[in-house]
$ cat run.pdb   # PDB, C-alpha atoms, pLDDT in the B column
MODEL        1
ATOM      1  CA  MET A   1       5.971 -13.666 -11.358  1.00 95.00           C
ATOM      2  CA  ASN A   2       8.842 -11.990  -9.573  1.00 98.00           C
ATOM      3  CA  ILE A   3       8.511  -8.206  -9.683  1.00 98.00           C
ATOM      4  CA  PHE A   4      12.202  -7.688 -10.465  1.00 98.00           C
ATOM      5  CA  ASN A   5      12.421 -10.338 -13.208  1.00 97.00           C
ATOM      6  CA  VAL A   6      11.932  -8.447 -16.431  1.00 95.00           C
ATOM      7  CA  SER A   7      11.761  -9.961 -19.906  1.00 89.00           C
ATOM      8  CA  LEU A   8      12.130  -7.008 -22.200  1.00 83.00           C
ATOM      9  CA  PRO A   9       9.993  -7.055 -25.327  1.00 76.00           C
ATOM     10  CA  SER A  10      11.546  -6.750 -28.754  1.00 78.00           C
ATOM     11  CA  ASP A  11       9.309  -3.796 -29.569  1.00 82.00           C
ATOM     12  CA  ASP A  12       9.243  -0.462 -27.836  1.00 84.00           C
ATOM     13  CA  LYS A  13       6.179  -0.937 -25.665  1.00 93.00           C
ATOM     14  CA  GLU A  14       5.514  -0.659 -21.967  1.00 95.00           C
ATOM     15  CA  ILE A  15       4.633  -3.966 -20.322  1.00 96.00           C
ATOM     16  CA  THR A  16       1.796  -4.148 -17.806  1.00 96.00           C
ATOM     17  CA  ASP A  17       1.238  -7.297 -15.747  1.00 97.00           C
ATOM     18  CA  PRO A  18      -1.656  -7.619 -13.318  1.00 98.00           C
ATOM     19  CA  LEU A  19      -0.469  -9.128 -10.030  1.00 98.00           C
ATOM     20  CA  LEU A  20      -3.845  -9.032  -8.301  1.00 98.00           C
ATOM     21  CA  SER A  21      -7.211  -8.240  -9.791  1.00 96.00           C
ATOM     22  CA  GLY A  22      -9.498  -7.949  -6.801  1.00 90.00           C
ATOM     23  CA  ARG A  23     -12.879  -6.644  -5.813  1.00 86.00           C
ATOM     24  CA  ASN A  24     -11.747  -3.167  -4.854  1.00 88.00           C
ATOM     25  CA  VAL A  25      -8.186  -3.078  -6.005  1.00 96.00           C
ATOM     26  CA  LEU A  26      -5.995  -3.841  -8.989  1.00 97.00           C
ATOM     27  CA  ILE A  27      -2.267  -4.322  -8.362  1.00 98.00           C
ATOM     28  CA  GLU A  28      -0.080  -4.072 -11.444  1.00 98.00           C
ATOM     29  CA  ARG A  29       3.569  -4.179 -12.342  1.00 98.00           C
ATOM     30  CA  ILE A  30       4.444  -1.806 -15.152  1.00 98.00           C
ATOM     31  CA  VAL A  31       7.824  -1.902 -16.888  1.00 97.00           C
ATOM     32  CA  SER A  32       8.762   1.238 -18.812  1.00 97.00           C
ATOM     33  CA  THR A  33      11.807   1.464 -21.050  1.00 96.00           C
ATOM     34  CA  GLY A  34      12.071   5.100 -21.995  1.00 96.00           C
ATOM     35  CA  GLN A  35       8.412   5.703 -22.818  1.00 96.00           C
ATOM     36  CA  ALA A  36       6.669   8.964 -21.940  1.00 97.00           C
ATOM     37  CA  SER A  37       3.140  10.277 -22.243  1.00 97.00           C
ATOM     38  CA  PRO A  38       2.417  11.701 -25.692  1.00 96.00           C
ATOM     39  CA  GLU A  39       2.931  15.445 -26.096  1.00 94.00           C
ATOM     40  CA  GLY A  40      -0.018  17.284 -24.594  1.00 94.00           C
ATOM     41  CA  PHE A  41      -1.575  14.139 -23.118  1.00 97.00           C
ATOM     42  CA  TRP A  42      -2.846  14.094 -19.526  1.00 98.00           C
ATOM     43  CA  TYR A  43      -4.062  11.079 -17.608  1.00 97.00           C
ATOM     44  CA  ASP A  44      -7.498  11.832 -16.096  1.00 97.00           C
ATOM     45  CA  GLN A  45      -8.325   8.601 -14.308  1.00 97.00           C
ATOM     46  CA  GLU A  46     -11.642   7.461 -12.876  1.00 97.00           C
ATOM     47  CA  GLU A  47      -9.898   5.734  -9.989  1.00 97.00           C
ATOM     48  CA  ASP A  48      -7.213   6.576  -7.477  1.00 97.00           C
ATOM     49  CA  GLU A  49      -3.727   5.221  -8.055  1.00 98.00           C
ATOM     50  CA  TRP A  50      -0.912   4.680  -5.598  1.00 98.00           C
ATOM     51  CA  VAL A  51       2.289   4.111  -7.525  1.00 98.00           C
ATOM     52  CA  ALA A  52       5.883   3.402  -6.512  1.00 98.00           C
ATOM     53  CA  VAL A  53       9.079   3.197  -8.538  1.00 98.00           C
ATOM     54  CA  LEU A  54      10.984   0.066  -7.487  1.00 98.00           C
ATOM     55  CA  GLN A  55      13.805   0.242 -10.043  1.00 98.00           C
ATOM     56  CA  GLY A  56      15.017   2.902 -12.468  1.00 98.00           C
ATOM     57  CA  ARG A  57      13.801   6.483 -12.537  1.00 98.00           C
ATOM     58  CA  ALA A  58      10.874   8.454 -13.873  1.00 98.00           C
ATOM     59  CA  LYS A  59       9.442  11.945 -13.845  1.00 98.00           C
ATOM     60  CA  LEU A  60       5.795  12.819 -13.362  1.00 98.00           C
ATOM     61  CA  ALA A  61       4.199  16.192 -14.030  1.00 98.00           C
ATOM     62  CA  TRP A  62       0.798  17.622 -13.098  1.00 98.00           C
ATOM     63  CA  ASP A  63      -1.271  20.194 -14.907  1.00 96.00           C
ATOM     64  CA  ASP A  64      -0.912  22.596 -11.975  1.00 97.00           C
ATOM     65  CA  GLY A  65       2.811  22.802 -12.669  1.00 97.00           C
ATOM     66  CA  ARG A  66       4.075  20.320 -10.070  1.00 98.00           C
ATOM     67  CA  GLU A  67       6.844  17.958 -11.106  1.00 98.00           C
ATOM     68  CA  LEU A  68       8.327  14.928  -9.362  1.00 98.00           C
ATOM     69  CA  VAL A  69      11.440  12.949 -10.216  1.00 98.00           C
ATOM     70  CA  MET A  70      11.030   9.471  -8.743  1.00 98.00           C
ATOM     71  CA  GLU A  71      13.914   7.251  -7.657  1.00 98.00           C
ATOM     72  CA  PRO A  72      13.667   3.635  -6.467  1.00 98.00           C
ATOM     73  CA  GLY A  73      11.483   3.529  -3.355  1.00 98.00           C
ATOM     74  CA  ASP A  74       9.650   6.778  -4.069  1.00 98.00           C
ATOM     75  CA  TRP A  75       5.872   6.608  -4.251  1.00 98.00           C
ATOM     76  CA  VAL A  76       2.987   8.963  -4.821  1.00 98.00           C
ATOM     77  CA  LEU A  77      -0.791   8.956  -4.541  1.00 98.00           C
ATOM     78  CA  LEU A  78      -2.637  10.096  -7.653  1.00 98.00           C
ATOM     79  CA  PRO A  79      -6.246  10.779  -6.649  1.00 97.00           C
ATOM     80  CA  ALA A  80      -8.865  10.194  -9.340  1.00 97.00           C
ATOM     81  CA  HIS A  81      -9.051  13.024 -11.887  1.00 98.00           C
ATOM     82  CA  GLU A  82      -5.768  14.569 -10.770  1.00 98.00           C
ATOM     83  CA  ARG A  83      -4.423  15.280 -14.234  1.00 98.00           C
ATOM     84  CA  HIS A  84      -0.866  14.075 -14.636  1.00 98.00           C
ATOM     85  CA  ARG A  85       1.545  12.743 -17.212  1.00 98.00           C
ATOM     86  CA  VAL A  86       4.773  10.773 -17.397  1.00 98.00           C
ATOM     87  CA  GLU A  87       7.512  13.103 -18.622  1.00 98.00           C
ATOM     88  CA  TRP A  88      10.157  10.427 -19.008  1.00 98.00           C
ATOM     89  CA  THR A  89      11.202   6.998 -17.783  1.00 98.00           C
ATOM     90  CA  SER A  90      14.618   5.377 -17.641  1.00 97.00           C
ATOM     91  CA  LYS A  91      15.462   2.769 -20.240  1.00 95.00           C
ATOM     92  CA  ASN A  92      18.603   1.354 -18.669  1.00 94.00           C
ATOM     93  CA  PRO A  93      17.761   0.102 -16.149  1.00 96.00           C
ATOM     94  CA  PRO A  94      14.098  -0.299 -17.060  1.00 97.00           C
ATOM     95  CA  CYS A  95      11.732   1.594 -14.805  1.00 98.00           C
ATOM     96  CA  ILE A  96       9.699  -0.858 -12.712  1.00 98.00           C
ATOM     97  CA  TRP A  97       6.492   0.611 -11.269  1.00 98.00           C
ATOM     98  CA  LEU A  98       4.203  -1.007  -8.755  1.00 98.00           C
ATOM     99  CA  ALA A  99       0.701   0.426  -9.051  1.00 98.00           C
ATOM    100  CA  VAL A 100      -2.304  -0.073  -6.772  1.00 98.00           C
ATOM    101  CA  LYS A 101      -5.485   1.167  -8.451  1.00 97.00           C
ATOM    102  CA  GLY A 102      -9.016   1.455  -7.143  1.00 96.00           C
ATOM    103  CA  ARG A 103     -11.198   3.590  -4.898  1.00 93.00           C
ATOM    104  CA  LEU A 104      -8.432   4.104  -2.416  1.00 93.00           C
ATOM    105  CA  CYS A 105      -8.976   7.538  -0.876  1.00 86.00           C
TER     106      CYS A 105
ATOM    107  CA  MET B 106       9.096   8.341   2.955  1.00 95.00           C
ATOM    108  CA  ASN B 107      11.220   6.364   0.556  1.00 98.00           C
ATOM    109  CA  ILE B 108      10.485   2.635   0.807  1.00 98.00           C
ATOM    110  CA  PHE B 109      14.157   1.673   0.654  1.00 98.00           C
ATOM    111  CA  ASN B 110      15.366   4.230   3.230  1.00 97.00           C
ATOM    112  CA  VAL B 111      15.456   2.370   6.499  1.00 95.00           C
ATOM    113  CA  SER B 112      16.318   3.840   9.894  1.00 89.00           C
ATOM    114  CA  LEU B 113      16.881   0.844  12.082  1.00 84.00           C
ATOM    115  CA  PRO B 114      15.599   1.109  15.631  1.00 76.00           C
ATOM    116  CA  SER B 115      17.877   0.552  18.585  1.00 78.00           C
ATOM    117  CA  ASP B 116      15.561  -2.127  19.956  1.00 82.00           C
ATOM    118  CA  ASP B 117      14.686  -5.399  18.342  1.00 84.00           C
ATOM    119  CA  LYS B 118      11.259  -4.537  16.983  1.00 93.00           C
ATOM    120  CA  GLU B 119       9.690  -4.676  13.565  1.00 95.00           C
ATOM    121  CA  ILE B 120       8.840  -1.259  12.127  1.00 96.00           C
ATOM    122  CA  THR B 121       5.521  -0.702  10.380  1.00 96.00           C
ATOM    123  CA  ASP B 122       4.861   2.517   8.471  1.00 97.00           C
ATOM    124  CA  PRO B 123       1.516   3.214   6.821  1.00 98.00           C
ATOM    125  CA  LEU B 124       2.036   4.624   3.324  1.00 98.00           C
ATOM    126  CA  LEU B 125      -1.642   4.961   2.464  1.00 98.00           C
ATOM    127  CA  SER B 126      -4.616   4.568   4.752  1.00 96.00           C
ATOM    128  CA  GLY B 127      -7.577   4.592   2.417  1.00 90.00           C
ATOM    129  CA  ARG B 128     -11.244   3.720   2.302  1.00 86.00           C
ATOM    130  CA  ASN B 129     -10.803   0.136   1.162  1.00 88.00           C
ATOM    131  CA  VAL B 130      -7.095  -0.381   1.395  1.00 96.00           C
ATOM    132  CA  LEU B 131      -4.163   0.059   3.743  1.00 97.00           C
ATOM    133  CA  ILE B 132      -0.680   0.093   2.225  1.00 98.00           C
ATOM    134  CA  GLU B 133       2.158  -0.462   4.676  1.00 98.00           C
ATOM    135  CA  ARG B 134       5.904  -0.812   4.649  1.00 98.00           C
ATOM    136  CA  ILE B 135       7.143  -3.307   7.209  1.00 98.00           C
ATOM    137  CA  VAL B 136      10.826  -3.651   8.063  1.00 97.00           C
ATOM    138  CA  SER B 137      11.833  -6.902   9.742  1.00 97.00           C
ATOM    139  CA  THR B 138      15.280  -7.526  11.164  1.00 96.00           C
ATOM    140  CA  GLY B 139      15.325 -11.178  12.069  1.00 96.00           C
ATOM    141  CA  GLN B 140      11.930 -11.347  13.784  1.00 96.00           C
ATOM    142  CA  ALA B 141       9.650 -14.370  13.392  1.00 97.00           C
ATOM    143  CA  SER B 142       6.173 -15.252  14.582  1.00 97.00           C
ATOM    144  CA  PRO B 143       6.155 -16.647  18.120  1.00 96.00           C
ATOM    145  CA  GLU B 144       6.294 -20.414  18.431  1.00 94.00           C
ATOM    146  CA  GLY B 145       2.859 -21.867  17.712  1.00 94.00           C
ATOM    147  CA  PHE B 146       1.380 -18.534  16.630  1.00 97.00           C
ATOM    148  CA  TRP B 147      -0.723 -18.287  13.461  1.00 98.00           C
ATOM    149  CA  TYR B 148      -2.003 -15.118  11.845  1.00 97.00           C
ATOM    150  CA  ASP B 149      -5.747 -15.437  11.240  1.00 97.00           C
ATOM    151  CA  GLN B 150      -6.594 -12.113   9.661  1.00 97.00           C
ATOM    152  CA  GLU B 151     -10.014 -10.554   9.062  1.00 97.00           C
ATOM    153  CA  GLU B 152      -8.825  -9.007   5.809  1.00 97.00           C
ATOM    154  CA  ASP B 153      -6.959 -10.130   2.726  1.00 97.00           C
ATOM    155  CA  GLU B 154      -3.306  -9.200   2.422  1.00 98.00           C
ATOM    156  CA  TRP B 155      -1.114  -8.962  -0.661  1.00 98.00           C
ATOM    157  CA  VAL B 156       2.500  -8.805   0.413  1.00 98.00           C
ATOM    158  CA  ALA B 157       5.786  -8.519  -1.449  1.00 98.00           C
ATOM    159  CA  VAL B 158       9.379  -8.743  -0.276  1.00 98.00           C
ATOM    160  CA  LEU B 159      11.338  -5.842  -1.794  1.00 98.00           C
ATOM    161  CA  GLN B 160      14.645  -6.391  -0.008  1.00 98.00           C
ATOM    162  CA  GLY B 161      16.082  -9.209   2.077  1.00 98.00           C
ATOM    163  CA  ARG B 162      14.504 -12.621   2.491  1.00 98.00           C
ATOM    164  CA  ALA B 163      11.785 -14.265   4.525  1.00 98.00           C
ATOM    165  CA  LYS B 164       9.980 -17.547   4.911  1.00 98.00           C
ATOM    166  CA  LEU B 165       6.247 -17.981   5.347  1.00 98.00           C
ATOM    167  CA  ALA B 166       4.469 -21.137   6.437  1.00 98.00           C
ATOM    168  CA  TRP B 167       0.808 -22.136   6.387  1.00 98.00           C
ATOM    169  CA  ASP B 168      -1.069 -24.459   8.684  1.00 96.00           C
ATOM    170  CA  ASP B 169      -1.717 -26.840   5.772  1.00 97.00           C
ATOM    171  CA  GLY B 170       2.019 -27.485   5.543  1.00 97.00           C
ATOM    172  CA  ARG B 171       2.896 -25.149   2.683  1.00 98.00           C
ATOM    173  CA  GLU B 172       6.096 -23.149   2.982  1.00 98.00           C
ATOM    174  CA  LEU B 173       7.463 -20.300   0.897  1.00 98.00           C
ATOM    175  CA  VAL B 174      10.899 -18.715   0.932  1.00 98.00           C
ATOM    176  CA  MET B 175      10.564 -15.200  -0.450  1.00 98.00           C
ATOM    177  CA  GLU B 176      13.338 -13.336  -2.265  1.00 98.00           C
ATOM    178  CA  PRO B 177      13.233  -9.698  -3.389  1.00 98.00           C
ATOM    179  CA  GLY B 178      10.399  -9.281  -5.889  1.00 98.00           C
ATOM    180  CA  ASP B 179       8.412 -12.293  -4.692  1.00 98.00           C
ATOM    181  CA  TRP B 180       4.833 -11.669  -3.593  1.00 98.00           C
ATOM    182  CA  VAL B 181       1.920 -13.668  -2.303  1.00 98.00           C
ATOM    183  CA  LEU B 182      -1.777 -13.212  -1.649  1.00 98.00           C
ATOM    184  CA  LEU B 183      -2.933 -14.168   1.833  1.00 98.00           C
ATOM    185  CA  PRO B 184      -6.738 -14.402   1.742  1.00 97.00           C
ATOM    186  CA  ALA B 185      -8.537 -13.548   4.987  1.00 97.00           C
ATOM    187  CA  HIS B 186      -8.430 -16.366   7.543  1.00 98.00           C
ATOM    188  CA  GLU B 187      -5.724 -18.269   5.693  1.00 98.00           C
ATOM    189  CA  ARG B 188      -3.667 -19.183   8.725  1.00 98.00           C
ATOM    190  CA  HIS B 189       0.001 -18.444   8.237  1.00 98.00           C
ATOM    191  CA  ARG B 190       3.102 -17.427  10.124  1.00 98.00           C
ATOM    192  CA  VAL B 191       6.492 -15.878   9.482  1.00 98.00           C
ATOM    193  CA  GLU B 192       9.146 -18.545  10.032  1.00 98.00           C
ATOM    194  CA  TRP B 193      12.107 -16.192   9.723  1.00 98.00           C
ATOM    195  CA  THR B 194      13.235 -12.894   8.228  1.00 98.00           C
ATOM    196  CA  SER B 195      16.676 -11.695   7.233  1.00 97.00           C
ATOM    197  CA  LYS B 196      18.446  -9.235   9.500  1.00 95.00           C
ATOM    198  CA  ASN B 197      21.242  -8.202   7.202  1.00 94.00           C
ATOM    199  CA  PRO B 198      19.970  -6.810   4.929  1.00 96.00           C
ATOM    200  CA  PRO B 199      16.711  -5.991   6.700  1.00 97.00           C
ATOM    201  CA  CYS B 200      13.655  -7.555   5.120  1.00 98.00           C
ATOM    202  CA  ILE B 201      11.482  -4.843   3.565  1.00 98.00           C
ATOM    203  CA  TRP B 202       7.880  -5.890   2.967  1.00 98.00           C
ATOM    204  CA  LEU B 203       5.248  -3.971   1.068  1.00 98.00           C
ATOM    205  CA  ALA B 204       1.775  -4.994   2.224  1.00 98.00           C
ATOM    206  CA  VAL B 205      -1.614  -4.100   0.749  1.00 98.00           C
ATOM    207  CA  LYS B 206      -4.413  -4.973   3.172  1.00 97.00           C
ATOM    208  CA  GLY B 207      -8.168  -4.819   2.759  1.00 96.00           C
ATOM    209  CA  ARG B 208     -11.057  -6.638   1.175  1.00 93.00           C
ATOM    210  CA  LEU B 209      -9.063  -7.448  -1.918  1.00 93.00           C
ATOM    211  CA  CYS B 210     -10.370 -10.767  -3.243  1.00 86.00           C
TER     212      CYS B 210
ENDMDL
END

$ encode --input "run.pdb" --output "structure tokens"
Amino acid sequence: MNIFNVSLPSDDKEITDPLLSGRNVLIERIVSTGQASPEGFWYDQEEDEWVAVLQGRAKLAWDDGRELVMEPGDWVLLPAHERHRVEWTSKNPPCIWLAVKGRLC
Amino acid sequence: MNIFNVSLPSDDKEITDPLLSGRNVLIERIVSTGQASPEGFWYDQEEDEWVAVLQGRAKLAWDDGRELVMEPGDWVLLPAHERHRVEWTSKNPPCIWLAVKGRLC
């Protein structure tokens, strides 16, 4: 599956495709089309996540007040239990994320 | 460092930048500008490598005769000790690889 080939769903959901499901690491492509984390929701993940935006734009926020607008090519490390949320994602073009999840740090 | 921001060197070398050097995983950006593996050389790596082309083009070859031309968004898993080489990379635009190395499989 080519990372930049996107078949948009008819509904309004994010699409997650595993590219590699390995012993220590999961590599996923995530396609967002305007979705955001629910109001008041924070991700509090058991594993570390390294994530890049490869197309489109998105904004992350952390519960310590940090914010980050991500453009294509920007990436960030989200250590396990670093509470964060997705404030917004672009719909046009869709926001293509590449995520590497596991015990990375 | 933005993955798509490339400062080309004045010499003719590939540029490798570590993006994450973790416990189990190394994530690197590699920028190739026409380089190829030396004649008769085969990579025979101790670790698995998942690698994607994000810009430009490249061709890989394996010692069992397989060949793969990679366009932006194409990716491949190179298990440890799977002997392979880079036949060619594009110079204009530079070939931007994203590599995830470690004990992945």

$ resolve_selection --input "run.pdb" --expression "the PyMOL selection byres ((chain B and resi 137) around 9)" --output "list in words"
Lys118, Glu119, Ile120, Thr121, Ile135, Val136, Thr138, Gly139, Gln140, Ala141, Thr194, Ser195, Lys196, Pro199, Cys200, Ile201 and Trp202 of chain B

$ resolve_selection --input "run.pdb" --expression "the ChimeraX specification (/B :<6) & /A" --output "JSON, numbers by chain"
{"A": [2, 3, 4, 22, 23, 24, 73, 74, 104, 105]}

$ resolve_selection --input "run.pdb" --expression "the PyMOL selection byres ((chain B and resi 187-190) around 9)" --output "list in words"
Ala141, Ser142, Pro143, Gly145, Phe146, Trp147, Tyr148, Asp149, Gln150, Asp153, Lys164, Leu165, Ala166, Trp167, Asp168, Asp169, Leu183, Pro184, Ala185, His186, Val191 and Glu192 of chain B

$ write_last_selection --input "run.pdb" --atoms "C-alpha atoms" --output "compact mmCIF listing (two decimals), keeping the file's coordinate frame"
# COMPACT_ATOMS: atom_id res chain seq x y z
CA ALA B 141 9.65 -14.37 13.39
CA SER B 142 6.17 -15.25 14.58
CA PRO B 143 6.16 -16.65 18.12
CA GLY B 145 2.86 -21.87 17.71
CA PHE B 146 1.38 -18.53 16.63
CA TRP B 147 -0.72 -18.29 13.46
CA TYR B 148 -2.00 -15.12 11.84
CA ASP B 149 -5.75 -15.44 11.24
CA GLN B 150 -6.59 -12.11 9.66
CA ASP B 153 -6.96 -10.13 2.73
CA LYS B 164 9.98 -17.55 4.91
CA LEU B 165 6.25 -17.98 5.35
CA ALA B 166 4.47 -21.14 6.44
CA TRP B 167 0.81 -22.14 6.39
CA ASP B 168 -1.07 -24.46 8.68
CA ASP B 169 -1.72 -26.84 5.77
CA LEU B 183 -2.93 -14.17 1.83
CA PRO B 184 -6.74 -14.40 1.74
CA ALA B 185 -8.54 -13.55 4.99
CA HIS B 186 -8.43 -16.37 7.54
CA VAL B 191 6.49 -15.88 9.48
CA GLU B 192 9.15 -18.55 10.03

$ axis_aligned_box --input "run.pdb" --around "region 9-12 of chain A" --padding-each-side "4 Å" --output "lines of an AutoDock Vina configuration file"
center_x = 10.4
center_y = -3.8
center_z = -27.4
size_x = 10.3
size_y = 14.6
size_z = 12.2

$ closest_residue --input "run.pdb" --among "B:Lys206, B:Pro198, B:Pro123, B:Glu133" --to "Val111 (chain B)" --atoms "only C-alpha atoms"
B:Pro198

$ atom_distance --input "run.pdb" --atom1 "CA of Arg162 (chain B)" --atom2 "CA of Trp193 (chain B)"
8.4 Å

$ closest_residue --input "run.pdb" --among "B:Asp116, B:Arg134, B:Gly170, B:Gln160" --to "Leu203 (chain B)" --atoms "all atoms listed in the file"
B:Arg134

$ atom_distance --input "run.pdb" --atom1 "CA of Glu49 (chain A)" --atom2 "CA of Asp122 (chain B)"
18.8 Å

$ atom_distance --input "run.pdb" --atom1 "CA of Glu39 (chain A)" --atom2 "CA of Ala58 (chain A)"
16.2 Å

$ decode --input "run.pdb" --residues "region 48-69 of chain A" --atoms "N, CA, C and O atoms" --output "CSV table (one decimal), in the first residue's frame"
chain,number,residue,atom,x,y,z
A,48,ASP,N,5.3,4.5,23.7
A,48,ASP,CA,5.8,5.7,23.1
A,48,ASP,C,5.3,5.7,21.6
A,48,ASP,O,5.0,4.7,21.0
A,49,GLU,N,5.2,6.9,21.1
A,49,GLU,CA,4.8,7.1,19.7
A,49,GLU,C,5.6,8.2,19.1
A,49,GLU,O,5.7,9.3,19.6
A,50,TRP,N,6.2,7.8,17.9
A,50,TRP,CA,6.9,8.8,17.1
A,50,TRP,C,6.0,9.0,15.9
A,50,TRP,O,5.6,8.1,15.2
A,51,VAL,N,5.6,10.3,15.6
A,51,VAL,CA,4.6,10.5,14.6
A,51,VAL,C,5.0,11.7,13.7
A,51,VAL,O,5.5,12.7,14.2
A,52,ALA,N,4.8,11.5,12.4
A,52,ALA,CA,5.2,12.5,11.4
A,52,ALA,C,3.9,12.9,10.6
A,52,ALA,O,3.1,12.0,10.4
A,53,VAL,N,3.8,14.1,10.2
A,53,VAL,CA,2.8,14.5,9.2
A,53,VAL,C,3.5,14.5,7.9
A,53,VAL,O,4.5,15.1,7.7
A,54,LEU,N,2.9,13.7,6.9
A,54,LEU,CA,3.5,13.6,5.6
A,54,LEU,C,2.7,14.4,4.5
A,54,LEU,O,3.2,14.7,3.5
A,55,GLN,N,1.5,14.7,4.8
A,55,GLN,CA,0.6,15.5,3.9
A,55,GLN,C,-0.4,16.2,4.8
A,55,GLN,O,-0.8,15.6,5.8
A,56,GLY,N,-0.8,17.4,4.4
A,56,GLY,CA,-1.9,18.1,5.2
A,56,GLY,C,-1.3,18.8,6.4
A,56,GLY,O,0.0,19.0,6.5
A,57,ARG,N,-2.1,19.1,7.3
A,57,ARG,CA,-1.7,19.8,8.5
A,57,ARG,C,-2.5,19.3,9.7
A,57,ARG,O,-3.6,18.8,9.6
A,58,ALA,N,-1.9,19.5,10.9
A,58,ALA,CA,-2.6,19.1,12.1
A,58,ALA,C,-2.1,19.9,13.3
A,58,ALA,O,-1.0,20.5,13.2
A,59,LYS,N,-2.8,20.0,14.4
A,59,LYS,CA,-2.4,20.6,15.6
A,59,LYS,C,-2.5,19.7,16.8
A,59,LYS,O,-3.6,19.1,17.0
A,60,LEU,N,-1.4,19.5,17.5
A,60,LEU,CA,-1.4,18.8,18.7
A,60,LEU,C,-1.4,19.7,19.9
A,60,LEU,O,-0.9,20.9,19.8
A,61,ALA,N,-1.9,19.3,21.0
A,61,ALA,CA,-1.8,20.1,22.3
A,61,ALA,C,-1.5,19.1,23.4
A,61,ALA,O,-1.9,17.9,23.3
A,62,TRP,N,-0.8,19.6,24.4
A,62,TRP,CA,-0.5,18.8,25.6
A,62,TRP,C,-1.2,19.4,26.8
A,62,TRP,O,-1.5,20.6,26.8
A,63,ASP,N,-1.3,18.6,27.9
A,63,ASP,CA,-2.0,19.1,29.0
A,63,ASP,C,-1.1,20.0,29.9
A,63,ASP,O,-1.6,20.6,30.9
A,64,ASP,N,0.1,20.3,29.5
A,64,ASP,CA,0.9,21.3,30.2
A,64,ASP,C,0.9,22.6,29.4
A,64,ASP,O,1.6,23.5,29.7
A,65,GLY,N,0.0,22.7,28.4
A,65,GLY,CA,-0.2,23.9,27.7
A,65,GLY,C,0.5,24.1,26.4
A,65,GLY,O,0.3,25.0,25.6
A,66,ARG,N,1.5,23.1,26.1
A,66,ARG,CA,2.2,23.2,24.8
A,66,ARG,C,1.2,23.0,23.7
A,66,ARG,O,0.3,22.2,23.8
A,67,GLU,N,1.5,23.6,22.5
A,67,GLU,CA,0.8,23.4,21.3
A,67,GLU,C,1.8,23.2,20.2
A,67,GLU,O,2.8,23.9,20.2
A,68,LEU,N,1.4,22.5,19.1
A,68,LEU,CA,2.3,22.3,18.0
A,68,LEU,C,1.4,22.2,16.7
A,68,LEU,O,0.6,21.2,16.6
A,69,VAL,N,1.6,23.1,15.8
A,69,VAL,CA,1.0,23.0,14.5
A,69,VAL,C,2.0,22.2,13.6
A,69,VAL,O,3.2,22.6,13.5
